[in-house]
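*Asks:* This is the structure I want to talk about, given as structure tokens.
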Amino acid sequence: MPEDSLRVLKRIAAELFERSARIQRYLKRVGPGENGEYAQVAATIRSALRSIEDVVIESFESARQLSLLPTTHHLAGVYGDLAAFSTWFSKTHELLTYLPRLRVAPEALASLEHSFGDHYLQQHPAVMLGSVFNAFEFDFAEEIVSQIPGFQQFAQGLEKNIVLLLAICDHDSPLAWSILAHELGHAIDNKAELSKRAMSKFARAAPQSRDMLTNWSRELAADAIASRVLGPAALLALVSMSYCLVPGRPTDAYSKAYPATSWRLNAVKTHARLLADIAGEEFDEYPSAVESLSQYLGPSAQVAAEAQRPSSMYRELVAPLADAIYADLDRLDLRPFNGNGDSLARCKIRLEANLPIGAQGLPRKELRDEIKAYKGQGFAARQDQVKAFEKLANKFAEEPLDPGTILTAGALRRHEALSAFCDRPTITRRDVEEHCATLARLDALLASSIRSSSIQRQLKKGSALV
């Protein structure tokens with residue numbers, strides 16, 4: 001229905017507007033340089049992004065004025081402008097390589113280290129920002145051997161140098177950092193060979209099919225590992241990035257390198273029911289959302305897109321791989337995400353009030369009951385009262401929250417903010433600025449929450465703070 005299609009287009013716009021705002025924040029942090037040498041480059045990038053944003057805002061307004069209930073014909077123009085926005089954004093992002101590169105936020109590293117524990121320490125990855133709007137994992141030792149002719153003979157004993165790349169625009173967005181859990185999952189899988197063991201089911205596949213399935217198995221294994229430790233946050237980061245890239249492309253298609261995003265979400269939903277219960281709405285929205293976009297493609301592209309999503313491929317190829325991977329997952333001894341519905345709900349309430357969520361204690365109702373019980377006691381001796389009071393005081397202690405809980409609560413709050421944007425009858429420049437400011441505040445809250453929880457854990461261990 002046109003109303004549903006309009007909402008999907010607004011969701012894509014909301015994602016792209018926010019990513020564009022993140023680039024603006026990055027440019028501000030880089031600054032003009034000591035002698036203003038970066039000022040003109042930054043101004044050009046800002047101008048390009050502002051121009052395409054204005055085109056999209058005007059496109060939504062034109063569609064609204066043409067009809068109170070826009071038809072597919074009216075919305076086709078909006079879709080085309082969003083496709084241009086997606087392309088402009090991706091290309092502009094690549095041009096950020098001409099500016100100085102900032103470091104990845106220390107909170108991102110703290111999240112990975114706490115969540116993965118010894119697995120993180122064993123891999124000891126270098127985490128950097130990359131100019132391509134995507135996230136990657138690779139072995140730098142292998143990269144240098146492949147790139148420099150003749151270097152192989154000097155590479156004996158060269159140790160693995162695992163590198164994780166995060167998109168530059170996501171430098172200060174904790175919810176985007178979650179995708180690094182997937183990339184680290186690749187490095188862990190390379191050692192544990194979950195994906196390789198799962199491929200034993202297809203030992204007799206044709207070489208070309210086997211290459212594709214090997215890639216798919218690796219992606220599914222990385223998804224499984226990331227979801228086990230961070231909950232739904234890692235997959236929701238993938239969904240957010242996918243919304244930015246889907247306009248103008250065959251919707252939710254698989255490739256030789258990646259299984260369709262909807263297949264990846266379905267694999268997690270099937271094997272991790274807790275995650276589906278927490279983030280099922282987002283997991284279900286994406287496949288139907290991108291499906292609705294096929295109406296804006298030409299007839300030949302629609303046929304091609306449909307051919308890229310046969311349900312039999314999921315049933316016969318993806319599902320068996322996922323079954324084998326998840327059956328083998330416990331072998332890795334990962335610290336599992338333990339998201340509690342009540343805890344997440346309380347975190348979300350605090351985030352809505354612009355309050356941090358680095359630690360959490362007992363719910364207020366339980367604390368009031370404890371106080372009431374204390375007051376109702378009769379103490380025969382002063383010493384008994386002191387002990388009871390100390391016991392009561394301990395009930396008010398707060399424990400630092402793990403990154404998975406913080407990021408999952410943040411992802412749920414972000415989904416509410418995106419839904420609120422999609423509910424707006426109009427999209428004006430002021431609407432866009434308010435939307436981006438809301439999500440920027442959320443990012444800042446989550447970053448401070450991760451930082452404070454990390455500090456509390458260090459204090460509990462008696463570690464010296466750096």
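In the structure tokens, each chain is lettered A, B, ... as it comes, each chain's residues begin at 1, and ligands are numbered from 1 in order of appearance.
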Neighbours of region 27-34 of chain A within 12 Å (only C-alpha atoms; same-chain residues fewer than 4 positions away dropped), as a PyMOL selection string?
*Replies:* chain A and resi 20-23+38-46+93+95-103+168-169+171-172
*Asks:* Fewer than 4 positions away in the same chain doesn't count, so skip those; otherwise give me all residues within 10 Å of region 359-367 of chain A, counting only C-alpha atoms, as a list in words.
*Replies:*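 Near neighbours after the sequence-gap exclusion: Asp342, Ser343, Arg346, Cys347, Ile371, Lys372, Ala373, Leu392, Ala393, Lys395, Phe396, Ala397, Glu398, Glu399, Pro400, Leu401, Asp402, Ile406, Ser449, Ile450, Ser452, Ser453, Ser454 and Gln456 of chain A.
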*Asks:* Filtering to N, CA and C atoms, could you give me those residues as a tab-separated table (two decimals), in the first residue's frame?
*Replies:*
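Listed below is the output, out_34.tsv:
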```tsv
chain	number	residue	atom	x	y	z
A	342	ASP	N	12.89	-6.82	31.75
A	342	ASP	CA	12.63	-5.76	32.71
A	342	ASP	C	13.80	-4.78	32.76
A	343	SER	N	15.02	-5.31	32.73
A	343	SER	CA	16.20	-4.46	32.76
A	343	SER	C	16.27	-3.57	31.53
A	346	ARG	N	13.69	-0.76	31.73
A	346	ARG	CA	14.12	0.31	32.64
A	346	ARG	C	15.19	1.17	31.99
A	347	CYS	N	16.11	0.53	31.26
A	347	CYS	CA	17.15	1.29	30.56
A	347	CYS	C	16.53	2.22	29.51
A	371	ILE	N	12.58	-1.17	52.16
A	371	ILE	CA	12.53	-0.12	53.18
A	371	ILE	C	11.36	-0.35	54.13
A	372	LYS	N	10.23	-0.69	53.57
A	372	LYS	CA	9.04	-0.96	54.39
A	372	LYS	C	9.27	-2.13	55.34
A	373	ALA	N	9.92	-3.17	54.83
A	373	ALA	CA	10.21	-4.34	55.67
A	373	ALA	C	11.17	-3.96	56.79
A	392	LEU	N	20.26	-3.39	54.37
A	392	LEU	CA	19.36	-2.57	53.54
A	392	LEU	C	20.16	-1.68	52.60
A	393	ALA	N	21.22	-1.05	53.12
A	393	ALA	CA	22.03	-0.15	52.31
A	393	ALA	C	22.65	-0.89	51.13
A	395	LYS	N	21.36	-3.17	49.47
A	395	LYS	CA	20.32	-3.38	48.46
A	395	LYS	C	20.32	-2.26	47.42
A	396	PHE	N	20.87	-1.10	47.79
A	396	PHE	CA	20.88	0.06	46.90
A	396	PHE	C	22.11	0.10	46.00
A	397	ALA	N	22.97	-0.90	46.11
A	397	ALA	CA	24.16	-0.96	45.27
A	397	ALA	C	23.76	-1.19	43.82
A	398	GLU	N	24.53	-0.61	42.91
A	398	GLU	CA	24.29	-0.80	41.48
A	398	GLU	C	25.46	-1.54	40.86
A	399	GLU	N	25.15	-2.40	39.93
A	399	GLU	CA	26.16	-3.16	39.20
A	399	GLU	C	26.33	-2.58	37.80
A	400	PRO	N	27.58	-2.51	37.31
A	400	PRO	CA	27.77	-2.00	35.94
A	400	PRO	C	27.10	-2.91	34.92
A	401	LEU	N	26.45	-2.30	33.95
A	401	LEU	CA	25.78	-3.07	32.90
A	401	LEU	C	26.79	-3.46	31.82
A	402	ASP	N	26.57	-4.61	31.23
A	402	ASP	CA	27.45	-5.07	30.15
A	402	ASP	C	27.12	-4.32	28.86
A	406	ILE	N	23.54	-2.41	27.29
A	406	ILE	CA	23.53	-0.97	26.98
A	406	ILE	C	23.20	-0.73	25.51
A	449	SER	N	27.75	5.93	28.97
A	449	SER	CA	27.32	4.77	29.75
A	449	SER	C	28.34	3.63	29.65
A	450	ILE	N	28.83	3.39	28.44
A	450	ILE	CA	29.84	2.35	28.24
A	450	ILE	C	31.12	2.71	29.00
A	452	SER	N	31.43	4.71	31.70
A	452	SER	CA	31.25	4.62	33.16
A	452	SER	C	31.15	3.17	33.63
A	453	SER	N	30.50	2.31	32.85
A	453	SER	CA	30.41	0.91	33.24
A	453	SER	C	31.79	0.25	33.23
A	454	SER	N	32.62	0.64	32.25
A	454	SER	CA	33.97	0.10	32.18
A	454	SER	C	34.79	0.54	33.39
A	456	GLN	N	33.63	1.40	36.36
A	456	GLN	CA	33.13	0.71	37.54
A	456	GLN	C	33.68	-0.72	37.63
```
*Asks:* CA of Arg331 (chain A) and CA of His186 (chain A) are how many Å apart?
*Replies:*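 The value is 15.7 Å.
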*Asks:* Can you write out as a tab-separated table which residues of region 38-97 of chain A fall within 9 Å of region 277-296 of chain A, alongside each residue's closest atom pair and its distance in Å to one decimal, counting only C-alpha atoms and ordering rows by chain and ascending residue number?
*Replies:*
```
residue	atom	partner	partner_atom	distance
A:Thr72	CA	A:Tyr296	CA	7.8
A:His73	CA	A:Tyr296	CA	8.7
A:Leu75	CA	A:Tyr296	CA	8.5
A:Ala76	CA	A:Tyr296	CA	5.9
A:Tyr79	CA	A:Tyr296	CA	7.1
A:Gly80	CA	A:Tyr296	CA	8.4
```
*Asks:* So the first atom is CA of Ala167 (chain A) and the second is CA of Tyr254 (chain A); what is the distance between them in Å, to one decimal place?
*Replies:*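 That distance, rounded to one decimal, is 22.0 Å.
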*Asks:* So which residues touch region 228-245 of chain A within 8 Å, counting only C-alpha atoms, skipping near sequence neighbours fewer than 3 positions away, as a PyMOL selection string?
*Replies:* chain A and resi 11-12+15-16+86+115-116+134+175-182+223-225+249+261+265+275-276+278-279+282-283+286+334-339+403-405+407-408+411
*Asks:* Can you pull out the residues contacting region 206-221 of chain A? Cut-off 10 Å, using only C-alpha atoms, and skip same-chain residues under 6 positions away; I want them as an mmCIF file with N, CA, C and O atoms, in the first residue's frame.
*Replies:*
```
data_model
loop_
_atom_site.group_PDB
_atom_site.id
_atom_site.type_symbol
_atom_site.label_atom_id
_atom_site.label_comp_id
_atom_site.auth_asym_id
_atom_site.auth_seq_id
_atom_site.Cartn_x
_atom_site.Cartn_y
_atom_site.Cartn_z
ATOM 1 N N HIS A 182 30.533 -8.283 14.720
ATOM 2 C CA HIS A 182 30.437 -9.198 13.567
ATOM 3 C C HIS A 182 31.813 -9.374 12.927
ATOM 4 O O HIS A 182 32.204 -10.498 12.585
ATOM 5 N N GLU A 183 32.537 -8.273 12.772
ATOM 6 C CA GLU A 183 33.855 -8.354 12.127
ATOM 7 C C GLU A 183 34.832 -9.145 12.993
ATOM 8 O O GLU A 183 35.605 -9.966 12.473
ATOM 9 N N GLY A 185 33.919 -11.403 14.940
ATOM 10 C CA GLY A 185 33.408 -12.755 14.798
ATOM 11 C C GLY A 185 34.072 -13.500 13.655
ATOM 12 O O GLY A 185 34.303 -14.719 13.735
ATOM 13 N N HIS A 186 34.394 -12.776 12.579
ATOM 14 C CA HIS A 186 35.103 -13.411 11.455
ATOM 15 C C HIS A 186 36.471 -13.926 11.905
ATOM 16 O O HIS A 186 36.871 -15.049 11.567
ATOM 17 N N ALA A 187 37.202 -13.099 12.659
ATOM 18 C CA ALA A 187 38.535 -13.504 13.109
ATOM 19 C C ALA A 187 38.448 -14.711 14.042
ATOM 20 O O ALA A 187 39.269 -15.636 13.956
ATOM 21 N N ILE A 188 37.453 -14.697 14.923
ATOM 22 C CA ILE A 188 37.272 -15.821 15.852
ATOM 23 C C ILE A 188 36.894 -17.082 15.079
ATOM 24 O O ILE A 188 37.384 -18.181 15.361
ATOM 25 N N ASP A 189 36.030 -16.926 14.085
ATOM 26 C CA ASP A 189 35.615 -18.078 13.272
ATOM 27 C C ASP A 189 36.784 -18.642 12.474
ATOM 28 O O ASP A 189 36.893 -19.861 12.290
ATOM 29 N N ASN A 190 37.663 -17.777 11.990
ATOM 30 C CA ASN A 190 38.826 -18.257 11.228
ATOM 31 C C ASN A 190 39.680 -19.207 12.067
ATOM 32 O O ASN A 190 40.280 -20.147 11.546
ATOM 33 N N GLU A 193 36.891 -22.259 13.227
ATOM 34 C CA GLU A 193 36.435 -23.000 12.038
ATOM 35 C C GLU A 193 34.983 -23.478 12.141
ATOM 36 O O GLU A 193 34.647 -24.562 11.666
ATOM 37 N N LEU A 194 34.117 -22.655 12.721
ATOM 38 C CA LEU A 194 32.696 -23.003 12.727
ATOM 39 C C LEU A 194 32.160 -23.092 11.305
ATOM 40 O O LEU A 194 31.449 -24.039 10.955
ATOM 41 N N SER A 195 32.479 -22.075 10.507
ATOM 42 C CA SER A 195 31.950 -22.032 9.142
ATOM 43 C C SER A 195 32.524 -23.161 8.298
ATOM 44 O O SER A 195 31.827 -23.738 7.454
ATOM 45 N N LYS A 196 33.782 -23.494 8.517
ATOM 46 C CA LYS A 196 34.417 -24.572 7.747
ATOM 47 C C LYS A 196 33.780 -25.917 8.073
ATOM 48 O O LYS A 196 33.516 -26.730 7.180
ATOM 49 N N ARG A 197 33.491 -26.151 9.356
ATOM 50 C CA ARG A 197 32.858 -27.402 9.762
ATOM 51 C C ARG A 197 31.441 -27.495 9.209
ATOM 52 O O ARG A 197 30.974 -28.574 8.821
ATOM 53 N N ALA A 198 30.749 -26.347 9.179
ATOM 54 C CA ALA A 198 29.387 -26.341 8.648
ATOM 55 C C ALA A 198 29.374 -26.684 7.164
ATOM 56 O O ALA A 198 28.409 -27.273 6.658
ATOM 57 N N MET A 199 30.436 -26.334 6.457
ATOM 58 C CA MET A 199 30.507 -26.583 5.019
ATOM 59 C C MET A 199 30.677 -28.058 4.674
ATOM 60 O O MET A 199 30.606 -28.441 3.504
ATOM 61 N N SER A 227 25.964 -12.101 17.728
ATOM 62 C CA SER A 227 24.666 -12.117 18.402
ATOM 63 C C SER A 227 24.752 -12.810 19.757
ATOM 64 O O SER A 227 24.049 -12.430 20.693
ATOM 65 N N TYR A 254 20.854 -11.631 -2.745
ATOM 66 C CA TYR A 254 22.090 -12.258 -2.298
ATOM 67 C C TYR A 254 23.166 -11.976 -3.333
ATOM 68 O O TYR A 254 22.907 -11.545 -4.456
ATOM 69 N N SER A 255 24.399 -12.221 -2.959
ATOM 70 C CA SER A 255 25.520 -12.107 -3.886
ATOM 71 C C SER A 255 26.470 -13.266 -3.621
ATOM 72 O O SER A 255 26.243 -14.073 -2.705
ATOM 73 N N LYS A 256 27.534 -13.347 -4.356
ATOM 74 C CA LYS A 256 28.506 -14.407 -4.135
ATOM 75 C C LYS A 256 29.174 -14.246 -2.773
ATOM 76 O O LYS A 256 29.592 -15.227 -2.142
ATOM 77 N N ALA A 257 29.248 -12.991 -2.307
ATOM 78 C CA ALA A 257 29.928 -12.725 -1.042
ATOM 79 C C ALA A 257 28.995 -12.805 0.168
ATOM 80 O O ALA A 257 29.426 -13.187 1.257
ATOM 81 N N TYR A 258 27.707 -12.424 -0.020
ATOM 82 C CA TYR A 258 26.802 -12.307 1.128
ATOM 83 C C TYR A 258 25.452 -12.982 0.863
ATOM 84 O O TYR A 258 24.893 -12.820 -0.232
ATOM 85 N N PRO A 259 24.923 -13.678 1.856
ATOM 86 C CA PRO A 259 23.527 -14.120 1.747
ATOM 87 C C PRO A 259 22.624 -12.905 1.924
ATOM 88 O O PRO A 259 23.055 -11.873 2.454
ATOM 89 N N ALA A 260 21.392 -12.986 1.471
ATOM 90 C CA ALA A 260 20.450 -11.869 1.617
ATOM 91 C C ALA A 260 20.310 -11.493 3.090
ATOM 92 O O ALA A 260 20.318 -12.363 3.970
ATOM 93 N N TRP A 263 17.680 -13.255 5.032
ATOM 94 C CA TRP A 263 18.043 -14.626 5.391
ATOM 95 C C TRP A 263 18.893 -14.636 6.662
ATOM 96 O O TRP A 263 18.739 -15.500 7.524
ATOM 97 N N ARG A 264 19.802 -13.688 6.766
ATOM 98 C CA ARG A 264 20.659 -13.604 7.951
ATOM 99 C C ARG A 264 19.836 -13.298 9.200
ATOM 100 O O ARG A 264 20.066 -13.884 10.267
ATOM 101 N N LEU A 265 18.884 -12.398 9.061
ATOM 102 C CA LEU A 265 18.012 -12.086 10.194
ATOM 103 C C LEU A 265 17.176 -13.295 10.589
ATOM 104 O O LEU A 265 16.981 -13.570 11.780
ATOM 105 N N ALA A 267 17.910 -16.434 10.204
ATOM 106 C CA ALA A 267 18.755 -17.440 10.848
ATOM 107 C C ALA A 267 18.926 -17.131 12.335
ATOM 108 O O ALA A 267 18.857 -18.031 13.181
ATOM 109 N N VAL A 268 19.126 -15.858 12.659
ATOM 110 C CA VAL A 268 19.273 -15.465 14.065
ATOM 111 C C VAL A 268 17.948 -15.644 14.801
ATOM 112 O O VAL A 268 17.909 -16.149 15.934
ATOM 113 N N LEU A 317 19.946 -24.256 1.480
ATOM 114 C CA LEU A 317 21.351 -23.870 1.626
ATOM 115 C C LEU A 317 21.637 -23.129 2.937
ATOM 116 O O LEU A 317 22.507 -23.544 3.711
ATOM 117 N N VAL A 318 20.900 -22.036 3.167
ATOM 118 C CA VAL A 318 21.205 -21.196 4.326
ATOM 119 C C VAL A 318 20.831 -21.893 5.630
ATOM 120 O O VAL A 318 21.627 -21.914 6.586
ATOM 121 N N ALA A 319 19.639 -22.467 5.691
ATOM 122 C CA ALA A 319 19.181 -23.100 6.932
ATOM 123 C C ALA A 319 20.112 -24.223 7.401
ATOM 124 O O ALA A 319 20.466 -24.280 8.591
ATOM 125 N N PRO A 320 20.550 -25.144 6.515
ATOM 126 C CA PRO A 320 21.473 -26.196 6.983
ATOM 127 C C PRO A 320 22.798 -25.632 7.512
ATOM 128 O O PRO A 320 23.343 -26.144 8.495
ATOM 129 N N LEU A 321 23.306 -24.584 6.854
ATOM 130 C CA LEU A 321 24.543 -23.960 7.340
ATOM 131 C C LEU A 321 24.329 -23.367 8.732
ATOM 132 O O LEU A 321 25.139 -23.562 9.645
ATOM 133 N N ALA A 322 23.224 -22.618 8.892
ATOM 134 C CA ALA A 322 22.936 -21.989 10.181
ATOM 135 C C ALA A 322 22.729 -23.046 11.266
ATOM 136 O O ALA A 322 23.209 -22.893 12.397
ATOM 137 N N ALA A 324 24.056 -26.006 11.528
ATOM 138 C CA ALA A 324 25.344 -26.568 11.921
ATOM 139 C C ALA A 324 26.169 -25.582 12.742
ATOM 140 O O ALA A 324 26.824 -25.959 13.721
ATOM 141 N N ILE A 325 26.137 -24.321 12.346
ATOM 142 C CA ILE A 325 26.920 -23.293 13.045
ATOM 143 C C ILE A 325 26.417 -23.105 14.475
ATOM 144 O O ILE A 325 27.201 -23.089 15.435
ATOM 145 N N TYR A 326 25.115 -22.976 14.636
ATOM 146 C CA TYR A 326 24.571 -22.736 15.974
ATOM 147 C C TYR A 326 24.700 -23.973 16.861
ATOM 148 O O TYR A 326 24.857 -23.855 18.079
ATOM 149 N N ASP A 328 27.216 -25.788 16.913
ATOM 150 C CA ASP A 328 28.636 -25.835 17.265
ATOM 151 C C ASP A 328 29.075 -24.625 18.099
ATOM 152 O O ASP A 328 30.226 -24.563 18.551
ATOM 153 N N LEU A 329 28.174 -23.676 18.302
ATOM 154 C CA LEU A 329 28.544 -22.378 18.875
ATOM 155 C C LEU A 329 29.011 -22.483 20.323
ATOM 156 O O LEU A 329 29.916 -21.741 20.746
#
```
*Asks:* Just the number, please: distance in Å from CA of His114 (chain A) to CA of Ile162 (chain A), one decimal.
*Replies:* 18.0 Å
